[in-house]
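Text of protein_38.cif (mmCIF, C-alpha atoms) as supplied:
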data_run
loop_
_atom_site.label_atom_id
_atom_site.label_comp_id
_atom_site.auth_asym_id
_atom_site.auth_seq_id
_atom_site.Cartn_x
_atom_site.Cartn_y
_atom_site.Cartn_z
CA MET I 13 29.09 76.03 8.57
CA ALA I 14 31.19 79.01 7.56
CA ARG I 15 28.05 80.75 6.32
CA LEU I 16 26.19 80.02 9.55
CA ILE I 17 29.05 81.54 11.48
CA THR I 18 28.92 84.63 9.30
CA LEU I 19 25.20 85.00 9.90
CA VAL I 20 25.56 84.62 13.63
CA GLU I 21 28.45 87.08 13.62
CA ASN I 22 26.73 89.77 11.58
CA ASP I 23 23.05 89.49 12.20
CA GLU I 24 21.37 89.41 15.59
CA SER I 25 18.02 88.33 14.17
CA ALA I 26 19.69 85.44 12.33
CA ALA I 27 21.35 84.44 15.58
CA ARG I 28 17.95 84.35 17.24
CA THR I 29 16.83 81.73 14.73
CA ILE I 30 20.01 79.73 14.44
CA ILE I 31 21.10 79.45 18.06
CA PRO I 32 17.83 78.04 19.40
CA ALA I 33 17.96 75.42 16.66
CA ILE I 34 21.33 74.12 17.77
CA TYR I 35 21.43 74.96 21.46
CA ALA I 36 20.47 71.50 22.67
CA GLU I 37 23.49 70.11 20.86
CA THR I 38 25.93 72.36 22.69
CA GLY I 39 27.65 71.85 26.02
CA ARG I 40 29.82 68.91 25.02
CA ALA I 41 32.97 70.68 23.89
CA HIS I 42 35.80 71.49 26.23
CA LEU I 43 36.35 75.22 25.78
CA ILE I 44 39.94 76.23 26.27
CA GLY I 45 40.73 79.93 26.46
CA VAL I 46 44.18 81.22 25.54
CA THR I 47 45.06 84.74 26.57
CA GLY I 48 48.21 86.75 27.16
CA SER I 49 50.00 89.86 26.00
CA PRO I 50 50.85 90.40 22.35
CA GLY I 51 54.12 88.72 21.53
CA SER I 52 53.70 85.95 24.09
CA GLY I 53 53.26 83.44 21.26
CA LYS I 54 49.59 82.58 21.68
CA SER I 55 48.90 81.66 18.06
CA THR I 56 51.95 79.46 17.74
CA LEU I 57 51.03 77.76 20.99
CA VAL I 58 47.44 77.23 19.84
CA ASN I 59 48.78 75.71 16.63
CA GLU I 60 50.96 73.27 18.56
CA MET I 61 48.22 72.36 21.03
CA ALA I 62 45.80 71.73 18.18
CA LYS I 63 48.29 69.35 16.53
CA THR I 64 48.66 67.40 19.75
CA LEU I 65 44.91 67.26 20.29
CA ARG I 66 44.42 66.03 16.72
CA ALA I 67 46.93 63.29 17.37
CA SER I 68 44.60 61.98 20.07
CA ASP I 69 41.76 62.15 17.61
CA HIS I 70 39.87 65.15 18.89
CA LYS I 71 38.09 67.43 16.45
CA VAL I 72 39.51 70.87 17.09
CA GLY I 73 37.84 74.21 16.57
CA ILE I 74 39.86 77.40 16.84
CA VAL I 75 38.43 80.89 17.17
CA ALA I 76 41.08 83.61 17.01
CA VAL I 77 40.06 87.15 17.89
CA ASP I 78 42.05 90.19 16.80
CA PRO I 79 41.36 93.84 17.53
CA SER I 80 39.29 96.08 15.28
CA SER I 81 40.57 99.59 14.71
CA PRO I 82 38.45 101.92 16.82
CA PHE I 83 38.78 104.57 14.11
CA THR I 84 38.14 102.74 10.88
CA GLY I 85 36.37 99.60 12.07
CA GLY I 86 38.79 97.55 10.00
CA ALA I 87 41.00 94.74 11.27
CA LEU I 88 44.05 92.70 10.33
CA LEU I 89 43.32 89.12 11.27
CA GLY I 90 46.68 87.42 11.09
CA ASP I 91 46.46 84.51 13.51
CA ARG I 92 46.11 81.96 10.71
CA VAL I 93 49.69 82.71 9.66
CA ARG I 94 50.92 80.80 12.70
CA MET I 95 48.57 77.90 12.13
CA GLN I 96 49.54 76.76 8.67
CA ASP I 97 50.49 73.29 9.89
CA LEU I 98 46.82 72.63 10.43
CA SER I 99 45.68 73.33 6.90
CA GLY I 100 44.23 70.46 4.91
CA ASP I 101 43.07 68.66 8.04
CA ASN I 102 39.34 68.01 8.01
CA GLY I 103 39.27 67.67 11.75
CA VAL I 104 40.27 71.31 12.30
CA PHE I 105 38.22 74.44 11.74
CA ILE I 106 39.87 77.83 12.19
CA ARG I 107 37.86 81.01 12.21
CA SER I 108 39.21 84.51 12.66
CA MET I 109 37.08 87.20 14.25
CA ALA I 110 37.53 90.91 14.69
CA SER I 111 36.63 92.32 18.10
CA ARG I 112 34.37 94.94 16.51
CA GLY I 113 34.46 97.27 19.46
CA SER I 114 34.25 94.76 22.29
CA LEU I 115 36.78 95.54 24.97
CA GLY I 116 37.02 92.38 27.04
CA GLY I 117 39.23 90.38 24.68
CA LEU I 118 36.51 88.62 22.71
CA ALA I 119 33.98 89.74 20.14
CA ARG I 120 30.39 90.06 21.27
CA THR I 121 29.35 87.13 19.14
CA THR I 122 32.29 84.85 19.93
CA GLY I 123 30.14 82.84 22.33
CA ASN I 124 27.62 82.02 19.63
CA VAL I 125 30.33 81.17 17.11
CA VAL I 126 31.83 78.77 19.63
CA ARG I 127 28.40 77.21 20.12
CA LEU I 128 28.12 76.48 16.41
CA LEU I 129 31.46 74.68 16.48
CA ASP I 130 30.39 72.79 19.60
CA ALA I 131 27.13 71.69 17.99
CA ALA I 132 29.02 70.64 14.87
CA GLY I 133 31.04 68.15 16.88
CA TYR I 134 34.33 69.95 17.51
CA ASP I 135 35.01 68.61 20.97
CA ARG I 136 38.01 70.77 21.81
CA ILE I 137 37.64 74.45 21.04
CA LEU I 138 40.57 76.80 21.52
CA ILE I 139 39.59 80.41 21.91
CA GLU I 140 42.42 82.86 21.41
CA THR I 141 41.77 86.35 22.71
CA VAL I 142 42.84 89.69 21.32
CA GLY I 143 45.80 89.74 23.64
CA ALA I 144 45.88 93.27 24.90
CA GLY I 145 46.83 91.96 28.32
CA GLN I 146 45.03 93.45 31.20
CA ALA I 147 41.33 93.79 30.75
CA GLU I 148 40.78 90.43 29.12
CA VAL I 149 38.31 88.96 31.50
CA ASP I 150 35.67 87.86 28.99
CA ILE I 151 37.56 84.64 28.46
CA ALA I 152 37.18 83.52 32.05
CA ALA I 153 33.43 83.27 31.65
CA ALA I 154 33.58 81.97 28.10
CA ALA I 155 35.98 79.07 28.64
CA HIS I 156 36.12 76.06 30.96
CA THR I 157 39.89 76.14 31.17
CA THR I 158 41.77 79.41 30.81
CA LEU I 159 45.44 79.53 29.92
CA VAL I 160 47.40 82.70 30.51
CA ILE I 161 50.55 82.91 28.44
CA GLU I 162 53.58 84.93 29.46
CA ALA I 163 56.91 85.33 27.76
CA PRO I 164 60.12 86.29 29.52
CA GLY I 165 61.88 89.54 28.91
CA MET I 166 58.84 91.36 27.59
CA GLY I 167 59.76 94.23 29.84
CA ASP I 168 57.61 93.36 32.78
CA GLU I 169 57.08 89.88 34.17
CA ILE I 170 54.52 91.41 36.43
CA GLN I 171 52.25 92.23 33.45
CA THR I 172 50.32 89.10 34.16
CA ILE I 173 49.92 89.85 37.77
CA LYS I 174 48.09 93.11 37.17
CA ALA I 175 44.61 92.93 38.51
CA GLY I 176 42.40 90.31 37.00
CA ILE I 177 44.73 88.40 34.76
CA LEU I 178 46.39 86.09 37.25
CA GLU I 179 43.05 85.47 38.85
CA ILE I 180 41.48 84.09 35.71
CA ALA I 181 44.23 81.57 35.02
CA ASP I 182 43.64 77.88 35.45
CA ILE I 183 47.03 77.19 33.92
CA LEU I 184 49.93 79.61 33.57
CA VAL I 185 52.32 79.14 30.69
CA VAL I 186 55.76 80.65 30.26
CA ASN I 187 56.31 80.40 26.52
CA LYS I 188 59.52 81.29 24.65
CA ALA I 189 61.21 79.60 27.58
CA ASP I 190 64.46 79.45 25.64
CA ARG I 191 64.80 83.19 26.22
CA PRO I 192 66.88 84.61 29.06
CA GLY I 193 64.86 85.41 32.14
CA ALA I 194 62.53 82.45 31.75
CA ASP I 195 63.44 81.01 35.15
CA ARG I 196 62.87 84.33 36.79
CA THR I 197 59.45 84.64 35.19
CA VAL I 198 58.48 81.16 36.37
CA ARG I 199 59.61 81.95 39.90
CA ALA I 200 57.78 85.30 39.96
CA LEU I 201 54.56 83.65 38.85
CA LYS I 202 54.88 80.84 41.39
CA ALA I 203 55.53 83.38 44.12
CA MET I 204 52.41 85.30 43.16
CA LEU I 205 50.34 82.13 43.24
CA GLN I 206 51.70 81.25 46.67
CA MET I 207 50.66 84.64 47.96
CA GLY I 208 47.10 83.59 47.29
CA ALA I 209 46.54 86.01 44.45
CA GLY I 210 44.81 83.26 42.49
CA GLY I 211 41.21 84.42 42.25
CA ARG I 212 38.67 81.79 41.46
CA ASN I 213 40.91 78.84 42.13
CA GLY I 214 42.44 80.57 45.14
CA GLN I 215 39.07 81.61 46.40
CA ARG I 216 37.98 78.05 46.41
CA MET I 217 41.01 77.17 48.40
CA MET I 218 40.24 79.84 50.94
CA HIS I 219 36.64 78.81 51.09
CA HIS I 220 37.72 75.30 51.75
CA GLY I 221 40.03 76.56 54.46
CA GLN I 222 37.12 78.30 56.09
CA GLU I 223 35.01 75.18 55.95
CA MET I 224 37.61 73.12 57.64
CA GLY I 225 38.90 75.71 60.04
CA LEU I 226 42.67 75.89 60.18
CA MET I 227 44.54 74.05 57.49
CA GLY I 228 45.28 70.56 58.56
CA VAL I 229 42.65 70.55 61.23
CA GLY I 230 39.19 69.38 60.34
CA ASP I 231 36.68 66.61 60.36
CA ASN I 232 37.56 65.23 56.98
CA GLY I 233 40.29 62.87 58.10
CA PRO I 234 43.60 62.58 56.30
CA GLU I 235 42.47 64.64 53.31
CA SER I 236 42.35 67.73 55.43
CA GLN I 237 46.09 67.66 55.99
CA GLY I 238 47.98 70.24 53.97
CA PHE I 239 46.18 71.77 50.98
CA PRO I 240 42.46 71.18 50.82
CA HIS I 241 41.61 68.15 48.76
CA GLY I 242 39.77 68.69 45.52
CA SER I 243 40.94 72.17 44.73
CA TRP I 244 42.94 72.83 41.63
CA ARG I 245 46.43 74.19 42.12
CA VAL I 246 47.32 76.44 39.23
CA PRO I 247 50.44 75.01 37.58
CA VAL I 248 53.10 77.03 35.81
CA LYS I 249 54.00 75.28 32.56
CA VAL I 250 57.06 75.96 30.47
CA THR I 251 57.01 75.80 26.66
CA VAL I 252 58.88 76.74 23.55
CA ALA I 253 56.03 76.68 21.08
CA THR I 254 58.14 77.27 18.00
CA GLU I 255 60.04 74.07 18.78
CA GLY I 256 57.07 72.07 20.02
CA LYS I 257 58.61 71.75 23.47
CA GLY I 258 56.49 71.31 26.56
CA ILE I 259 53.31 70.99 24.53
CA GLY I 260 52.52 67.42 25.46
CA ASP I 261 52.82 68.27 29.12
CA LEU I 262 50.66 71.36 28.69
CA VAL I 263 47.91 69.46 26.89
CA ALA I 264 48.03 66.81 29.60
CA SER I 265 47.54 69.54 32.17
CA VAL I 266 44.55 70.87 30.25
CA SER I 267 43.03 67.38 30.18
CA SER I 268 43.73 67.02 33.84
CA HIS I 269 41.82 70.23 34.52
CA LEU I 270 38.91 68.97 32.48
CA THR I 271 38.83 65.77 34.51
CA ARG I 272 38.94 67.77 37.72
CA LEU I 273 36.11 70.05 36.59
CA ARG I 274 33.90 67.11 35.80
CA ALA I 275 34.80 65.18 38.94
CA THR I 276 34.19 68.02 41.35
CA GLY I 277 31.03 69.40 39.81
CA GLU I 278 32.92 72.59 38.97
CA TRP I 279 31.97 72.10 35.30
CA GLN I 280 28.31 72.48 36.16
CA ALA I 281 29.07 75.38 38.49
CA ARG I 282 30.81 77.24 35.67
CA GLU I 283 28.06 76.43 33.19
CA LEU I 284 25.59 77.80 35.69
CA ALA I 285 27.65 80.97 36.15
CA ARG I 286 27.95 81.39 32.41
CA SER I 287 24.26 80.87 31.80
CA ARG I 288 23.41 83.31 34.53
CA GLN I 289 25.68 85.91 33.02
CA GLU I 290 24.42 85.39 29.51
CA VAL I 291 20.73 85.39 30.35
CA GLY I 292 21.33 88.44 32.54
CA GLN I 293 23.07 90.22 29.71
CA LEU I 294 20.44 89.37 27.11
CA LEU I 295 17.70 90.30 29.55
CA ARG I 296 19.26 93.69 30.17
CA GLU I 297 19.68 94.33 26.45
CA GLU I 298 16.15 93.24 25.68
CA PHE I 299 14.74 95.27 28.52
CA ILE I 300 16.53 98.41 27.47
CA SER I 301 15.60 97.87 23.87
CA ARG I 302 11.89 97.43 24.65
CA LEU I 303 11.92 100.35 27.03
CA THR I 304 13.60 102.56 24.48
CA MET I 305 11.12 101.55 21.83
CA SER I 306 8.11 102.29 23.97
CA VAL I 307 9.18 105.83 24.77
CA PRO I 308 9.09 108.20 21.81
CA THR I 309 12.44 109.73 21.03
CA ASP I 310 11.31 113.32 21.48
CA THR I 311 9.87 112.53 24.89
CA ARG I 312 13.16 111.01 25.89
CA GLU I 313 15.11 113.95 24.52
CA GLN I 314 12.83 116.40 26.35
CA VAL I 315 13.43 114.61 29.61
CA ILE I 316 17.16 114.59 29.04
CA ALA I 317 17.15 118.28 28.20
CA SER I 318 15.27 118.97 31.44
CA VAL I 319 17.96 117.15 33.37
CA ALA I 320 20.69 119.18 31.68
CA ALA I 321 18.81 122.40 32.47
CA ARG I 322 18.48 121.35 36.11
CA LYS I 323 14.68 121.34 35.89
CA LEU I 324 14.66 117.63 36.62
CA ASP I 325 17.13 115.50 38.52
CA PRO I 326 18.39 112.26 36.92
CA TYR I 327 16.46 109.99 39.27
CA ALA I 328 13.20 111.78 38.63
CA ALA I 329 14.01 111.57 34.92
CA VAL I 330 14.25 107.82 35.12
CA ASP I 331 10.96 107.62 37.02
CA ARG I 332 9.37 109.81 34.37
CA LEU I 333 10.65 107.62 31.51
CA PHE I 334 9.50 104.48 33.26
CA ALA I 335 6.07 105.96 33.73
CA GLU I 336 5.97 106.79 30.02
CA ALA I 337 6.97 103.30 29.06
CA THR I 338 4.49 101.36 31.13
CA MET G 28 50.97 97.29 2.91
CA VAL G 29 47.85 96.59 0.91
CA ALA G 30 46.38 94.71 3.85
CA ARG G 31 46.92 97.72 6.07
CA ALA G 32 45.33 100.05 3.54
CA LEU G 33 42.29 97.78 3.37
CA ARG G 34 42.08 97.73 7.14
CA ASP G 35 42.29 101.50 7.24
CA ALA G 36 39.42 101.53 4.79
CA GLY G 37 37.34 99.65 7.35
CA MET G 38 37.67 96.11 6.02
CA GLU G 39 38.43 92.95 7.93
CA VAL G 40 41.47 91.41 6.29
CA ILE G 41 42.44 87.82 6.87
CA TYR G 42 46.10 87.50 6.25
CA THR G 43 47.22 83.96 5.61
CA GLY G 44 50.95 84.43 5.10
CA LEU G 45 53.39 83.63 2.34
CA ARG G 46 53.88 80.49 0.27
CA GLN G 47 50.27 79.42 0.35
CA THR G 48 49.16 76.63 -1.91
CA PRO G 49 45.91 77.02 -3.83
CA GLU G 50 44.37 74.42 -1.52
CA MET G 51 45.34 76.40 1.57
CA ILE G 52 44.00 79.63 0.11
CA VAL G 53 40.64 78.16 -0.81
CA GLU G 54 40.30 76.36 2.52
CA ALA G 55 40.92 79.61 4.38
CA ALA G 56 38.50 81.49 2.12
CA LEU G 57 35.87 78.83 2.63
CA HIS G 58 36.16 78.57 6.40
CA GLU G 59 36.33 82.30 6.88
CA ASP G 60 33.45 82.84 4.44
CA VAL G 61 35.22 85.74 2.80
CA ASP G 62 33.64 88.33 0.53
CA VAL G 63 36.75 88.89 -1.59
CA ILE G 64 40.00 87.05 -2.27
CA GLY G 65 43.16 89.01 -2.90
CA LEU G 66 46.26 87.24 -4.13
CA SER G 67 49.67 88.79 -4.00
CA ILE G 68 51.81 87.04 -6.57
CA LEU G 69 55.32 88.34 -6.97
CA SER G 70 56.79 85.14 -8.33
CA GLY G 71 55.31 85.36 -11.81
CA ALA G 72 53.40 82.15 -11.20
CA HIS G 73 49.99 83.73 -11.70
CA MET G 74 49.25 81.84 -14.92
CA ALA G 75 49.94 78.53 -13.24
CA LEU G 76 48.22 79.23 -9.93
CA SER G 77 45.08 81.02 -11.06
CA PRO G 78 43.36 78.17 -12.90
CA ARG G 79 43.86 75.85 -9.93
CA ILE G 80 42.52 78.40 -7.46
CA LEU G 81 39.50 79.19 -9.59
CA GLU G 82 38.80 75.51 -10.10
CA LEU G 83 38.90 74.85 -6.36
CA LEU G 84 36.57 77.80 -5.78
CA ARG G 85 34.13 76.33 -8.28
CA GLU G 86 34.30 72.94 -6.57
CA ASN G 87 33.48 74.60 -3.28
CA ASP G 88 30.58 76.60 -4.64
CA MET G 89 32.44 79.87 -4.26
CA SER G 90 32.52 81.09 -7.86
CA ASP G 91 30.71 84.24 -6.83
CA VAL G 92 33.66 85.41 -4.73
CA PRO G 93 35.64 88.08 -6.61
CA VAL G 94 39.32 87.23 -7.00
CA PHE G 95 41.89 89.99 -7.41
CA ILE G 96 45.53 89.49 -8.24
CA GLY G 97 48.18 92.03 -7.40
CA GLY G 98 51.87 91.93 -8.04
CA ILE G 99 54.19 91.27 -10.91
CA VAL G 100 51.72 90.59 -13.71
CA PRO G 101 52.55 91.66 -17.26
CA ASN G 102 49.76 93.47 -19.09
CA GLU G 103 49.57 90.88 -21.82
CA ASP G 104 48.50 88.22 -19.30
CA VAL G 105 45.57 90.22 -18.01
CA PRO G 106 42.99 89.25 -20.68
CA ALA G 107 43.79 85.56 -20.22
CA LEU G 108 43.39 85.89 -16.47
CA GLN G 109 40.08 87.65 -16.82
CA GLU G 110 38.99 84.94 -19.22
CA MET G 111 39.72 82.37 -16.53
CA GLY G 112 37.51 84.22 -14.09
CA VAL G 113 39.86 86.56 -12.27
CA THR G 114 37.89 89.69 -11.44
CA GLY G 115 40.72 92.17 -11.61
CA VAL G 116 44.47 92.52 -11.81
CA PHE G 117 46.56 95.21 -10.14
CA GLY G 118 49.92 95.62 -11.79
CA PRO G 119 52.98 96.99 -10.03
CA GLY G 120 52.58 100.67 -9.37
CA THR G 121 48.83 100.55 -8.80
CA SER G 122 48.05 102.93 -5.98
CA THR G 123 46.56 101.60 -2.77
CA GLU G 124 43.67 104.04 -3.23
CA GLU G 125 42.81 102.39 -6.52
CA ILE G 126 43.04 98.91 -5.02
CA VAL G 127 40.84 99.83 -2.08
CA GLY G 128 38.33 101.55 -4.35
CA THR G 129 38.10 98.68 -6.80
CA ILE G 130 37.67 96.08 -4.10
CA ARG G 131 35.06 98.15 -2.32
CA GLN G 132 33.13 98.55 -5.55
CA ALA G 133 33.30 94.83 -6.26
CA VAL G 134 31.74 94.09 -2.87
CA LEU G 135 29.03 96.70 -3.33
CA ASP G 136 28.21 95.26 -6.73
CA MET G 137 27.78 91.77 -5.39
CA PRO G 138 24.25 90.44 -5.01
CA PRO G 139 23.34 89.81 -1.35
CA LYS G 140 24.17 86.31 -0.11
CA ALA G 141 21.24 83.94 0.16
#
Could you write out this file's structure as structure tokens?
Amino acid sequence: MARLITLVENDESAARTIIPAIYAETGRAHLIGVTGSPGSGKSTLVNEMAKTLRASDHKVGIVAVDPSSPFTGGALLGDRVRMQDLSGDNGVFIRSMASRGSLGGLARTTGNVVRLLDAAGYDRILIETVGAGQAEVDIAAAAHTTLVIEAPGMGDEIQTIKAGILEIADILVVNKADRPGADRTVRALKAMLQMGAGGRNGQRMMHHGQEMGLMGVGDNGPESQGFPHGSWRVPVKVTVATEGKGIGDLVASVSSHLTRLRATGEWQARELARSRQEVGQLLREEFISRLTMSVPTDTREQVIASVAARKLDPYAAVDRLFAEAT
Amino acid sequence: MVARALRDAGMEVIYTGLRQTPEMIVEAALHEDVDVIGLSILSGAHMALSPRILELLRENDMSDVPVFIGGIVPNEDVPALQEMGVTGVFGPGTSTEEIVGTIRQAVLDMPPKA
């Protein structure tokens, strides 16, 4: 399995052979994304969650992504250090990945690596992102349930609230809750959620509100009173991962989200969104690659030079290249 | 420090932490499908640990993975270690340049994986 992962990670043509062979076996695992700023305690939390999941007999896969140096291409992959409790357990597979230039928090091939684990029977897969904080939106598409981890006193409780991060959370976690300022962090996050800043979960709520008209008034009987029925309210969980506190409750919340996804058809909706995104991405890459291959390099360079010299405008250049290609 | 030098040389370094047992080291190496194993042994336990690690690598069909030991290793132990199957030993005072260079060469010399 480790070798298959390496192939899929390093070699696109190998991936093209391996992934089709296993694809039908994927789609069973619950993919749980874990993101948050560096120092929020993601790895320790993942370690604790994995232990709890193992105790209820799940097979747990963990993919931990760390950043590659943009200058040297090298990387220090140190997430395993926090997961030593899990060693020796056959029901756990931990794989470290370097981001290799990807900017969204995951490596380009993380999706395929996760698929291999899924096909191999790991039914809970924890995906830990690079953890740079803000731009980590890859995980929202890659996972069914996304956890955003915050820690108090990291300078700015509002880190999480910066565009995009709060919106991707299905569950918010304040880790290192034994630190001063934990209560304040929890309150700040809850206030932000109340203000309706919660993207995809919040959007569903709003959509529901639109369907039913004003809140509390609608044709759906008693369920239409108060919050719309069937939408997921993002909880704020409190943990101290180094002491194993709050983990049981967190894992229960994750399971609860899974149940909700399956019950409401949201699971399929997210699979559909993910498939759309992936096929779109691969299609674009393939298209560009074929187009590039069918136009000789010097022709392309000539066209580009013409644009730079103002003999050709960019739009005409594209038309020209298209004409060459077809 | 060595890990950082290797990273700066463009390598992906999986750092497992201190106080690893041979079983933990080999499991990590196996699951991560590493190209090279580097052991930092400051405790003087290299003669006791190495045979066990190499044996576990053999059991897991990983005998082709070069194993380097760095740390407090007296010169007189080096031949015995190499006899066991250790690819190279870096004594105290070896420069990071030398370590990086030797490891890089070991990887380049390896036959491509099947």
Box centre and edge lengths (Å, one decimal), axis-aligned, segment 155-159 of chain I plus 3 Å each side, as lines of an AutoDock Vina configuration file:
center_x = 40.7
center_y = 77.8
center_z = 29.9
size_x = 15.5
size_y = 9.5
size_z = 8.5
I would like the residues chosen by the PyMOL selection byres ((chain I) within 8 of (chain G)) on the shown file; could you give them as a short mmCIF file (atom, residue, chain, number, x, y, z; two decimals) with C-alpha atoms, keeping the file's coordinate frame?
data_model
loop_
_atom_site.label_atom_id
_atom_site.label_comp_id
_atom_site.auth_asym_id
_atom_site.auth_seq_id
_atom_site.Cartn_x
_atom_site.Cartn_y
_atom_site.Cartn_z
CA MET I 13 29.09 76.03 8.57
CA ALA I 14 31.19 79.01 7.56
CA ARG I 15 28.05 80.75 6.32
CA THR I 18 28.92 84.63 9.30
CA SER I 81 40.57 99.59 14.71
CA THR I 84 38.14 102.74 10.88
CA GLY I 85 36.37 99.60 12.07
CA GLY I 86 38.79 97.55 10.00
CA ALA I 87 41.00 94.74 11.27
CA LEU I 88 44.05 92.70 10.33
CA LEU I 89 43.32 89.12 11.27
CA GLY I 90 46.68 87.42 11.09
CA ASP I 91 46.46 84.51 13.51
CA ARG I 92 46.11 81.96 10.71
CA VAL I 93 49.69 82.71 9.66
CA SER I 99 45.68 73.33 6.90
CA GLY I 100 44.23 70.46 4.91
CA PHE I 105 38.22 74.44 11.74
CA ILE I 106 39.87 77.83 12.19
CA ARG I 107 37.86 81.01 12.21
CA SER I 108 39.21 84.51 12.66
CA ALA I 110 37.53 90.91 14.69
#
Apply the PyMOL selection byres ((chain G and resi 72) around 12) to the structure shown and report the selected residues as a VMD selection string.
chain G and resid 46 48 to 49 66 to 71 73 to 79 96 to 101 104 108
Just to be explicit: take each residue in the selection above, keep C-alpha atoms, and write the result as an mmCIF file, keeping the file's coordinate frame.
data_model
loop_
_atom_site.group_PDB
_atom_site.id
_atom_site.type_symbol
_atom_site.label_atom_id
_atom_site.label_comp_id
_atom_site.auth_asym_id
_atom_site.auth_seq_id
_atom_site.Cartn_x
_atom_site.Cartn_y
_atom_site.Cartn_z
ATOM 1 C CA ARG G 46 53.880 80.490 0.270
ATOM 2 C CA THR G 48 49.160 76.630 -1.910
ATOM 3 C CA PRO G 49 45.910 77.020 -3.830
ATOM 4 C CA LEU G 66 46.260 87.240 -4.130
ATOM 5 C CA SER G 67 49.670 88.790 -4.000
ATOM 6 C CA ILE G 68 51.810 87.040 -6.570
ATOM 7 C CA LEU G 69 55.320 88.340 -6.970
ATOM 8 C CA SER G 70 56.790 85.140 -8.330
ATOM 9 C CA GLY G 71 55.310 85.360 -11.810
ATOM 10 C CA HIS G 73 49.990 83.730 -11.700
ATOM 11 C CA MET G 74 49.250 81.840 -14.920
ATOM 12 C CA ALA G 75 49.940 78.530 -13.240
ATOM 13 C CA LEU G 76 48.220 79.230 -9.930
ATOM 14 C CA SER G 77 45.080 81.020 -11.060
ATOM 15 C CA PRO G 78 43.360 78.170 -12.900
ATOM 16 C CA ARG G 79 43.860 75.850 -9.930
ATOM 17 C CA ILE G 96 45.530 89.490 -8.240
ATOM 18 C CA GLY G 97 48.180 92.030 -7.400
ATOM 19 C CA GLY G 98 51.870 91.930 -8.040
ATOM 20 C CA ILE G 99 54.190 91.270 -10.910
ATOM 21 C CA VAL G 100 51.720 90.590 -13.710
ATOM 22 C CA PRO G 101 52.550 91.660 -17.260
ATOM 23 C CA ASP G 104 48.500 88.220 -19.300
ATOM 24 C CA LEU G 108 43.390 85.890 -16.470
#
Residues at most 7 Å from segment 83-93 of chain G, counting only C-alpha atoms, excluding those fewer than 3 positions away in the same chain, as a ChimeraX atom specification?
/G:53,62-64,79-80,114
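Taking all atoms listed in the file into account, Pro164 of chain I lies nearest to I:Arg196 out of the set I:Arg120, I:Lys54, I:Arg196, I:Arg136.
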